[in-house]
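Content type mmCIF, C-alpha atoms, from the file structure25.cif:
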```cif
data_work
loop_
_atom_site.group_PDB
_atom_site.id
_atom_site.type_symbol
_atom_site.label_atom_id
_atom_site.label_comp_id
_atom_site.auth_asym_id
_atom_site.auth_seq_id
_atom_site.Cartn_x
_atom_site.Cartn_y
_atom_site.Cartn_z
ATOM 1 C CA ASP A 55 0.000 0.000 0.000
ATOM 2 C CA PRO A 56 1.740 3.222 -1.135
ATOM 3 C CA GLN A 57 -0.121 5.170 1.559
ATOM 4 C CA ASP A 58 1.223 2.970 4.353
ATOM 5 C CA HIS A 59 4.860 4.010 4.044
ATOM 6 C CA PRO A 60 4.524 7.733 4.870
ATOM 7 C CA GLN A 61 2.052 7.003 7.684
ATOM 8 C CA GLN A 62 4.429 4.500 9.278
ATOM 9 C CA LEU A 63 7.341 6.898 8.939
ATOM 10 C CA GLU A 64 5.290 9.697 10.498
ATOM 11 C CA GLU A 65 4.469 7.454 13.463
ATOM 12 C CA ASN A 66 8.114 6.434 13.948
ATOM 13 C CA ILE A 67 9.365 10.026 13.899
ATOM 14 C CA GLN A 68 6.561 11.164 16.179
ATOM 15 C CA LYS A 69 7.418 8.539 18.800
ATOM 16 C CA ALA A 70 11.190 9.038 18.537
ATOM 17 C CA PHE A 71 11.063 12.784 19.192
ATOM 18 C CA GLY A 72 7.852 13.163 21.193
ATOM 19 C CA LEU A 73 6.281 15.525 18.663
ATOM 20 C CA GLN A 74 2.588 16.283 18.373
ATOM 21 C CA ARG A 75 2.243 15.964 14.616
ATOM 22 C CA ILE A 76 4.424 14.921 11.680
ATOM 23 C CA HIS A 77 3.717 15.189 7.961
ATOM 24 C CA VAL A 78 5.699 13.071 5.509
ATOM 25 C CA VAL A 79 5.095 13.930 1.858
ATOM 26 C CA PRO A 80 4.896 10.780 -0.306
ATOM 27 C CA MET A 81 7.520 10.589 -3.078
ATOM 28 C CA GLY A 82 8.159 8.205 -5.923
ATOM 29 C CA GLU A 83 11.512 6.421 -6.035
ATOM 30 C CA ARG A 84 12.626 8.331 -9.129
ATOM 31 C CA THR A 85 11.511 11.764 -7.968
ATOM 32 C CA THR A 86 14.188 14.394 -8.650
ATOM 33 C CA GLU A 87 15.386 16.920 -6.059
ATOM 34 C CA ALA A 88 13.556 19.706 -7.914
ATOM 35 C CA GLU A 89 10.324 17.686 -7.950
ATOM 36 C CA ARG A 90 10.691 16.912 -4.253
ATOM 37 C CA LEU A 91 11.089 20.596 -3.461
ATOM 38 C CA GLU A 92 7.953 21.520 -5.410
ATOM 39 C CA ARG A 93 5.869 18.722 -3.865
ATOM 40 C CA VAL A 94 6.925 19.606 -0.334
ATOM 41 C CA ALA A 95 6.324 23.302 -1.049
ATOM 42 C CA GLN A 96 2.836 22.638 -2.405
ATOM 43 C CA TYR A 97 1.937 20.348 0.509
ATOM 44 C CA THR A 98 3.226 22.895 3.034
ATOM 45 C CA ALA A 99 1.365 25.771 1.390
ATOM 46 C CA ASN A 100 -1.888 23.819 1.552
ATOM 47 C CA TYR A 101 -1.320 22.849 5.184
ATOM 48 C CA LEU A 102 -0.350 26.386 6.179
ATOM 49 C CA SER A 103 -3.683 27.706 4.917
ATOM 50 C CA THR A 104 -5.468 25.407 7.393
ATOM 51 C CA ILE A 105 -3.548 26.571 10.479
ATOM 52 C CA PHE A 106 -2.797 30.262 9.859
ATOM 53 C CA SER A 107 -5.740 32.541 10.563
ATOM 54 C CA SER A 108 -6.741 35.977 11.836
ATOM 55 C CA ASN A 109 -4.960 37.639 14.774
ATOM 56 C CA MET A 110 -1.884 35.444 14.339
ATOM 57 C CA ILE A 111 1.801 36.240 13.772
ATOM 58 C CA LEU A 112 3.778 34.122 11.281
ATOM 59 C CA GLY A 113 7.582 34.237 11.455
ATOM 60 C CA ILE A 114 9.326 33.352 8.191
ATOM 61 C CA ALA A 115 12.973 32.541 7.462
ATOM 62 C CA TRP A 116 13.812 33.365 3.830
ATOM 63 C CA GLY A 117 15.362 30.629 1.713
ATOM 64 C CA THR A 118 15.018 28.283 -1.234
ATOM 65 C CA THR A 119 12.178 26.255 0.300
ATOM 66 C CA THR A 120 10.144 29.130 1.747
ATOM 67 C CA SER A 121 10.452 30.891 -1.610
ATOM 68 C CA ALA A 122 9.000 27.792 -3.301
ATOM 69 C CA ILE A 123 6.201 27.614 -0.714
ATOM 70 C CA SER A 124 5.315 31.252 -1.407
ATOM 71 C CA ARG A 125 4.615 30.353 -5.044
ATOM 72 C CA HIS A 126 2.058 27.676 -4.061
ATOM 73 C CA LEU A 127 0.078 29.562 -1.418
ATOM 74 C CA VAL A 128 -3.679 29.063 -1.219
ATOM 75 C CA PRO A 129 -5.473 32.462 -1.114
ATOM 76 C CA LYS A 130 -7.037 33.133 2.277
ATOM 77 C CA THR A 131 -8.270 36.389 3.769
ATOM 78 C CA THR A 132 -7.308 36.940 7.403
ATOM 79 C CA HIS A 133 -7.762 39.950 9.693
ATOM 80 C CA HIS A 134 -5.206 41.628 11.968
ATOM 81 C CA SER A 135 -2.584 39.002 11.099
ATOM 82 C CA GLN A 136 1.119 39.762 10.669
ATOM 83 C CA ILE A 137 4.116 38.309 8.832
ATOM 84 C CA VAL A 138 7.591 38.921 10.284
ATOM 85 C CA GLN A 139 11.017 38.164 8.833
ATOM 86 C CA LEU A 140 13.105 35.978 11.180
ATOM 87 C CA ASN A 141 16.634 36.704 9.927
ATOM 88 C CA GLY A 142 18.440 39.412 8.003
ATOM 89 C CA ALA A 143 19.307 38.922 4.347
ATOM 90 C CA GLY A 144 22.126 41.387 3.737
ATOM 91 C CA ASN A 145 25.536 40.150 2.582
ATOM 92 C CA THR A 146 28.749 41.569 1.121
ATOM 93 C CA GLU A 147 27.154 41.909 -2.333
ATOM 94 C CA ASN A 148 23.803 43.533 -1.485
ATOM 95 C CA LEU A 149 21.304 44.169 1.300
ATOM 96 C CA GLY A 150 19.158 41.212 0.270
ATOM 97 C CA ILE A 151 16.020 43.286 0.838
ATOM 98 C CA GLU A 152 14.582 42.599 -2.618
ATOM 99 C CA TYR A 153 14.912 38.814 -2.232
ATOM 100 C CA ALA A 154 13.529 38.630 1.324
ATOM 101 C CA SER A 155 10.793 41.213 0.759
ATOM 102 C CA GLU A 156 9.517 39.409 -2.336
ATOM 103 C CA ILE A 157 8.990 36.235 -0.288
ATOM 104 C CA LEU A 158 7.320 38.019 2.632
ATOM 105 C CA MET A 159 5.185 40.125 0.323
ATOM 106 C CA ARG A 160 3.713 37.018 -1.311
ATOM 107 C CA PHE A 161 2.664 35.678 2.082
ATOM 108 C CA ALA A 162 1.305 39.056 3.162
ATOM 109 C CA GLN A 163 -0.719 39.534 -0.023
ATOM 110 C CA ASN A 164 -1.997 35.970 0.083
ATOM 111 C CA PHE A 165 -3.286 36.262 3.656
ATOM 112 C CA ARG A 166 -4.104 40.007 3.508
ATOM 113 C CA ALA A 167 -1.659 40.489 6.370
ATOM 114 C CA ALA A 168 0.741 43.227 7.422
ATOM 115 C CA TYR A 169 4.415 42.356 6.959
ATOM 116 C CA HIS A 170 7.577 43.448 8.740
ATOM 117 C CA LEU A 171 11.029 43.271 7.138
ATOM 118 C CA PHE A 172 14.209 42.795 9.169
ATOM 119 C CA PRO A 173 16.699 45.144 7.418
ATOM 120 C CA VAL A 174 19.943 43.822 8.890
ATOM 121 C CA PRO A 175 22.820 41.665 7.595
ATOM 122 C CA ALA A 176 22.440 37.894 7.699
ATOM 123 C CA PHE A 177 25.767 37.844 9.568
ATOM 124 C CA PHE A 178 27.446 40.773 11.293
ATOM 125 C CA ASP A 179 31.197 41.362 11.047
ATOM 126 C CA ARG A 180 31.422 41.986 14.796
ATOM 127 C CA VAL A 181 29.345 40.729 17.706
ATOM 128 C CA GLU A 182 29.546 44.205 19.250
ATOM 129 C CA THR A 183 27.793 45.742 16.251
ATOM 130 C CA LYS A 184 24.930 43.263 16.497
ATOM 131 C CA ASN A 185 24.561 43.774 20.251
ATOM 132 C CA SER A 186 24.389 47.544 19.810
ATOM 133 C CA LEU A 187 21.827 47.319 17.020
ATOM 134 C CA TRP A 188 19.705 44.917 19.063
ATOM 135 C CA GLU A 189 19.277 47.781 21.568
ATOM 136 C CA GLU A 190 17.665 50.050 18.969
ATOM 137 C CA THR A 191 13.915 50.590 19.414
ATOM 138 C CA SER A 192 13.117 49.823 15.772
ATOM 139 C CA ILE A 193 14.979 46.492 15.929
ATOM 140 C CA LYS A 194 13.502 45.608 19.329
ATOM 141 C CA ARG A 195 10.049 45.935 17.756
ATOM 142 C CA ILE A 196 10.901 43.237 15.194
ATOM 143 C CA LEU A 197 12.521 41.007 17.821
ATOM 144 C CA ASP A 198 9.388 41.315 19.956
ATOM 145 C CA LEU A 199 7.183 40.269 17.025
ATOM 146 C CA GLN A 200 9.448 37.252 16.450
ATOM 147 C CA ALA A 201 9.190 36.241 20.104
ATOM 148 C CA ARG A 202 5.376 36.527 20.012
ATOM 149 C CA ALA A 203 4.937 34.593 16.758
ATOM 150 C CA ASP A 204 2.281 31.870 16.770
ATOM 151 C CA LEU A 205 3.900 29.970 13.895
ATOM 152 C CA PHE A 206 7.399 29.667 12.449
ATOM 153 C CA LEU A 207 7.995 28.689 8.835
ATOM 154 C CA TYR A 208 11.539 27.649 7.929
ATOM 155 C CA SER A 209 13.500 24.902 6.253
ATOM 156 C CA ILE A 210 16.781 23.292 7.248
ATOM 157 C CA GLY A 211 19.650 24.573 5.142
ATOM 158 C CA SER A 212 22.322 22.054 4.177
ATOM 159 C CA VAL A 213 25.743 22.405 2.582
ATOM 160 C CA ASN A 214 25.423 19.137 0.678
ATOM 161 C CA ALA A 215 21.771 19.273 -0.416
ATOM 162 C CA GLY A 216 20.878 18.429 -4.009
ATOM 163 C CA ILE A 217 19.458 21.951 -4.228
ATOM 164 C CA PRO A 218 21.944 23.972 -2.139
ATOM 165 C CA SER A 219 20.779 26.278 0.615
ATOM 166 C CA HIS A 220 20.650 29.934 -0.456
ATOM 167 C CA VAL A 221 22.935 30.941 2.410
ATOM 168 C CA HIS A 222 25.701 28.627 1.142
ATOM 169 C CA THR A 223 25.643 29.799 -2.473
ATOM 170 C CA ASP A 224 25.041 33.556 -2.586
ATOM 171 C CA GLY A 225 28.037 35.166 -0.897
ATOM 172 C CA TYR A 226 26.822 35.051 2.683
ATOM 173 C CA LEU A 227 29.753 33.035 3.991
ATOM 174 C CA LYS A 228 33.460 33.831 3.648
ATOM 175 C CA ASN A 229 36.152 31.178 3.279
ATOM 176 C CA THR A 230 37.045 31.701 6.940
ATOM 177 C CA ASP A 231 33.393 31.119 7.895
ATOM 178 C CA ASN A 232 33.247 27.875 5.936
ATOM 179 C CA ALA A 233 36.469 26.710 7.585
ATOM 180 C CA GLU A 234 34.990 27.475 11.003
ATOM 181 C CA LEU A 235 31.799 25.546 10.190
ATOM 182 C CA LYS A 236 33.887 22.566 9.142
ATOM 183 C CA ARG A 237 35.917 22.658 12.370
ATOM 184 C CA ALA A 238 32.713 22.853 14.412
ATOM 185 C CA GLU A 239 31.300 19.852 12.502
ATOM 186 C CA VAL A 240 28.220 21.822 11.463
ATOM 187 C CA VAL A 241 25.657 19.938 9.374
ATOM 188 C CA GLY A 242 22.994 22.575 8.737
ATOM 189 C CA ASP A 243 21.267 25.786 9.746
ATOM 190 C CA ILE A 244 17.849 27.113 10.654
ATOM 191 C CA ALA A 245 17.367 30.805 9.811
ATOM 192 C CA THR A 246 21.186 31.225 9.533
ATOM 193 C CA VAL A 247 21.782 29.702 12.986
ATOM 194 C CA PHE A 248 24.033 26.642 12.634
ATOM 195 C CA PHE A 249 23.868 23.320 14.457
ATOM 196 C CA ARG A 250 25.779 20.043 14.711
ATOM 197 C CA GLU A 251 24.612 16.508 13.953
ATOM 198 C CA ASP A 252 23.395 15.999 17.520
ATOM 199 C CA GLY A 253 21.339 19.194 17.376
ATOM 200 C CA SER A 254 23.648 21.267 19.587
ATOM 201 C CA TYR A 255 24.392 24.848 18.508
ATOM 202 C CA LYS A 256 26.213 26.403 21.469
ATOM 203 C CA ASN A 257 29.879 27.394 21.134
ATOM 204 C CA ILE A 258 29.649 27.839 17.346
ATOM 205 C CA SER A 259 31.106 31.335 17.206
ATOM 206 C CA ILE A 260 29.433 32.430 13.964
ATOM 207 C CA ASN A 261 26.044 32.041 15.676
ATOM 208 C CA GLN A 262 26.928 34.997 17.893
ATOM 209 C CA ARG A 263 27.148 37.126 14.728
ATOM 210 C CA SER A 264 24.015 35.668 13.117
ATOM 211 C CA SER A 265 20.832 37.740 12.845
ATOM 212 C CA GLY A 266 18.646 34.653 13.185
ATOM 213 C CA PRO A 267 16.787 33.817 16.415
ATOM 214 C CA SER A 268 18.288 31.479 18.986
ATOM 215 C CA LEU A 269 17.265 27.881 18.358
ATOM 216 C CA GLU A 270 15.837 27.899 21.887
ATOM 217 C CA LEU A 271 12.994 29.942 20.409
#
```

Write-out of the structure in structure tokens:
Amino acid sequence: DPQDHPQQLEENIQKAFGLQRIHVVPMGERTTEAERLERVAQYTANYLSTIFSSNMILGIAWGTTTSAISRHLVPKTTHHSQIVQLNGAGNTENLGIEYASEILMRFAQNFRAAYHLFPVPAFFDRVETKNSLWEETSIKRILDLQARADLFLYSIGSVNAGIPSHVHTDGYLKNTDNAELKRAEVVGDIATVFFREDGSYKNISINQRSSGPSLEL
């Protein structure tokens, strides 16, 4: 039974990690990486429309997958809802505002929601600069919205994915950063906050310079 496999996998994952709900998207054996991305994006977009409603805050981390999801959204009118960007998009080449804002704008238009950009670099050069900026009233407002979000939408970025994570391909990381990630045995990131294979993320120095929220959140 082709339907049995994803249901069994969902149950196994749910029990292993003590999670409330798991969704596994069925795939054929010969499905390409691009097809997988589109199927997951479409499934997620449909599911999101069933759980996001009026008076809610949705936090979104920009990236390859969330961009794909934004193209499959199911139109739904909500009231007094808000969309907030979880991590900055600026890098050494540009501020990244156009890329991040395009994604957030699609969600905002789809749900008739207000949206809030986070106009900061993805990674700061110095921890001190980030700490100072985090004290600014305008930035605190965004951080407060992130902390009060009802839902978070993000994907897990990977260095070795068939479709590479946006953060690993578009000038966000320097050679020294990549060397540091290798030394720290990093396997992926969530909203530009990196973690190891066992899920730990403390003592990875680049995380102190990241604009993304702590994985505790």

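Between Met159 of chain A and the candidates A:Ile114, A:Val247, A:Ala233, A:Ala201, the tightest atom-to-atom separation, counting all atoms listed in the file, involves A:Ile114.
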
So that I can check the surroundings of Leu102 of chain A, please list as a VMD selection string every protein, DNA and RNA residue that reaches within 12 Å of it, counting only C-alpha atoms and ignoring chain neighbours fewer than 3 positions away.
chain A and resid 94 to 99 105 to 107 112 120 123 to 124 126 to 130 161 164 to 165 205 to 207

Go ahead and dump the residues you just picked, C-alpha atoms, as a PDB file, in the frame of the given file.
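Result file follows (selection-v7.pdb):
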```pdb
ATOM      1  CA  VAL A  94       6.925  19.606  -0.334  1.00  0.00           C
ATOM      2  CA  ALA A  95       6.324  23.302  -1.049  1.00  0.00           C
ATOM      3  CA  GLN A  96       2.836  22.638  -2.405  1.00  0.00           C
ATOM      4  CA  TYR A  97       1.937  20.348   0.509  1.00  0.00           C
ATOM      5  CA  THR A  98       3.226  22.895   3.034  1.00  0.00           C
ATOM      6  CA  ALA A  99       1.365  25.771   1.390  1.00  0.00           C
ATOM      7  CA  ILE A 105      -3.548  26.571  10.479  1.00  0.00           C
ATOM      8  CA  PHE A 106      -2.797  30.262   9.859  1.00  0.00           C
ATOM      9  CA  SER A 107      -5.740  32.541  10.563  1.00  0.00           C
ATOM     10  CA  LEU A 112       3.778  34.122  11.281  1.00  0.00           C
ATOM     11  CA  THR A 120      10.144  29.130   1.747  1.00  0.00           C
ATOM     12  CA  ILE A 123       6.201  27.614  -0.714  1.00  0.00           C
ATOM     13  CA  SER A 124       5.315  31.252  -1.407  1.00  0.00           C
ATOM     14  CA  HIS A 126       2.058  27.676  -4.061  1.00  0.00           C
ATOM     15  CA  LEU A 127       0.078  29.562  -1.418  1.00  0.00           C
ATOM     16  CA  VAL A 128      -3.679  29.063  -1.219  1.00  0.00           C
ATOM     17  CA  PRO A 129      -5.473  32.462  -1.114  1.00  0.00           C
ATOM     18  CA  LYS A 130      -7.037  33.133   2.277  1.00  0.00           C
ATOM     19  CA  PHE A 161       2.664  35.678   2.082  1.00  0.00           C
ATOM     20  CA  ASN A 164      -1.997  35.970   0.083  1.00  0.00           C
ATOM     21  CA  PHE A 165      -3.286  36.262   3.656  1.00  0.00           C
ATOM     22  CA  LEU A 205       3.900  29.970  13.895  1.00  0.00           C
ATOM     23  CA  PHE A 206       7.399  29.667  12.449  1.00  0.00           C
ATOM     24  CA  LEU A 207       7.995  28.689   8.835  1.00  0.00           C
TER      25      LEU A 207
END
```

Starting from the displayed file, determine the output of the PyMOL selection byres ((chain A and resi 58-66) around 12) and express the residue list as a short mmCIF file (atom, residue, chain, number, x, y, z; two decimals) with C-alpha atoms, in the coordinates of the input.
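Result file is result_25.cif:
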```cif
data_model
loop_
_atom_site.label_atom_id
_atom_site.label_comp_id
_atom_site.auth_asym_id
_atom_site.auth_seq_id
_atom_site.Cartn_x
_atom_site.Cartn_y
_atom_site.Cartn_z
CA ASP A 55 0.00 0.00 0.00
CA PRO A 56 1.74 3.22 -1.14
CA GLN A 57 -0.12 5.17 1.56
CA ILE A 67 9.36 10.03 13.90
CA GLN A 68 6.56 11.16 16.18
CA LYS A 69 7.42 8.54 18.80
CA ALA A 70 11.19 9.04 18.54
CA PHE A 71 11.06 12.78 19.19
CA GLY A 72 7.85 13.16 21.19
CA LEU A 73 6.28 15.52 18.66
CA GLN A 74 2.59 16.28 18.37
CA ARG A 75 2.24 15.96 14.62
CA ILE A 76 4.42 14.92 11.68
CA HIS A 77 3.72 15.19 7.96
CA VAL A 78 5.70 13.07 5.51
CA VAL A 79 5.10 13.93 1.86
CA PRO A 80 4.90 10.78 -0.31
CA MET A 81 7.52 10.59 -3.08
CA GLY A 82 8.16 8.20 -5.92
#
```

Enclose segment 78-91 of chain A, meaning all of its atoms listed in the file, in a box aligned along x, y and z, pad it by 3 Å on each side, and list the centre and edge lengths in Å to one decimal, as AutoDock Vina command-line options.
```
--center_x 10.1 --center_y 13.5 --center_z -1.8 --size_x 16.5 --size_y 20.2 --size_z 20.6
```

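Of note, atom CA of Arg160 of chain A and atom CA of Leu271 of chain A are spaced 24.7 Å apart.
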
Could you please give me, as a ChimeraX atom specification, the residues of protein, DNA or RNA lying at most 9 Å from (24.2, 19.3, 9.5) in the coordinate frame of the file, considering only C-alpha atoms?
/A:210-214,239-243,248-253

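With distances restricted to all atoms listed in the file, A:Ala203 is the closest residue to Ile111 of chain A from A:Ala176, A:Ala162, A:Leu171, A:Ala203.
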
With all atoms listed in the file counted, which protein, DNA or RNA residues have an atom no more than 12 Å from (21.4, 30.8, 21.6) in the file frame? Please answer as an NGL selection string.
:A and (247-249 or 254-271)

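Our summary of the geometry notes that atom CA of Gly142 of chain A is positioned 15.4 Å from atom CA of Ser209 of chain A.
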
Atom CA of Gly144 of chain A and atom CA of Ala245 of chain A are how many Å apart?
13.1 Å

For His170 of chain A, which of A:Asp198, A:Glu92, A:Asp231, A:Glu190 is the closest residue, counting all atoms listed in the file?
A:Asp198

With all atoms listed in the file as the counted atoms, please give the residues lying no more than 8 Å from Val221 of chain A, apart from itself and same-chain residues fewer than 4 positions off, as an MDAnalysis selection string.
chainID A and resid 117 211 225:227 246

Residue nearest Tyr153 of chain A among A:Leu91, A:Ile193, A:Ala115, A:Ile244 (counting only C-alpha atoms):
A:Ala115
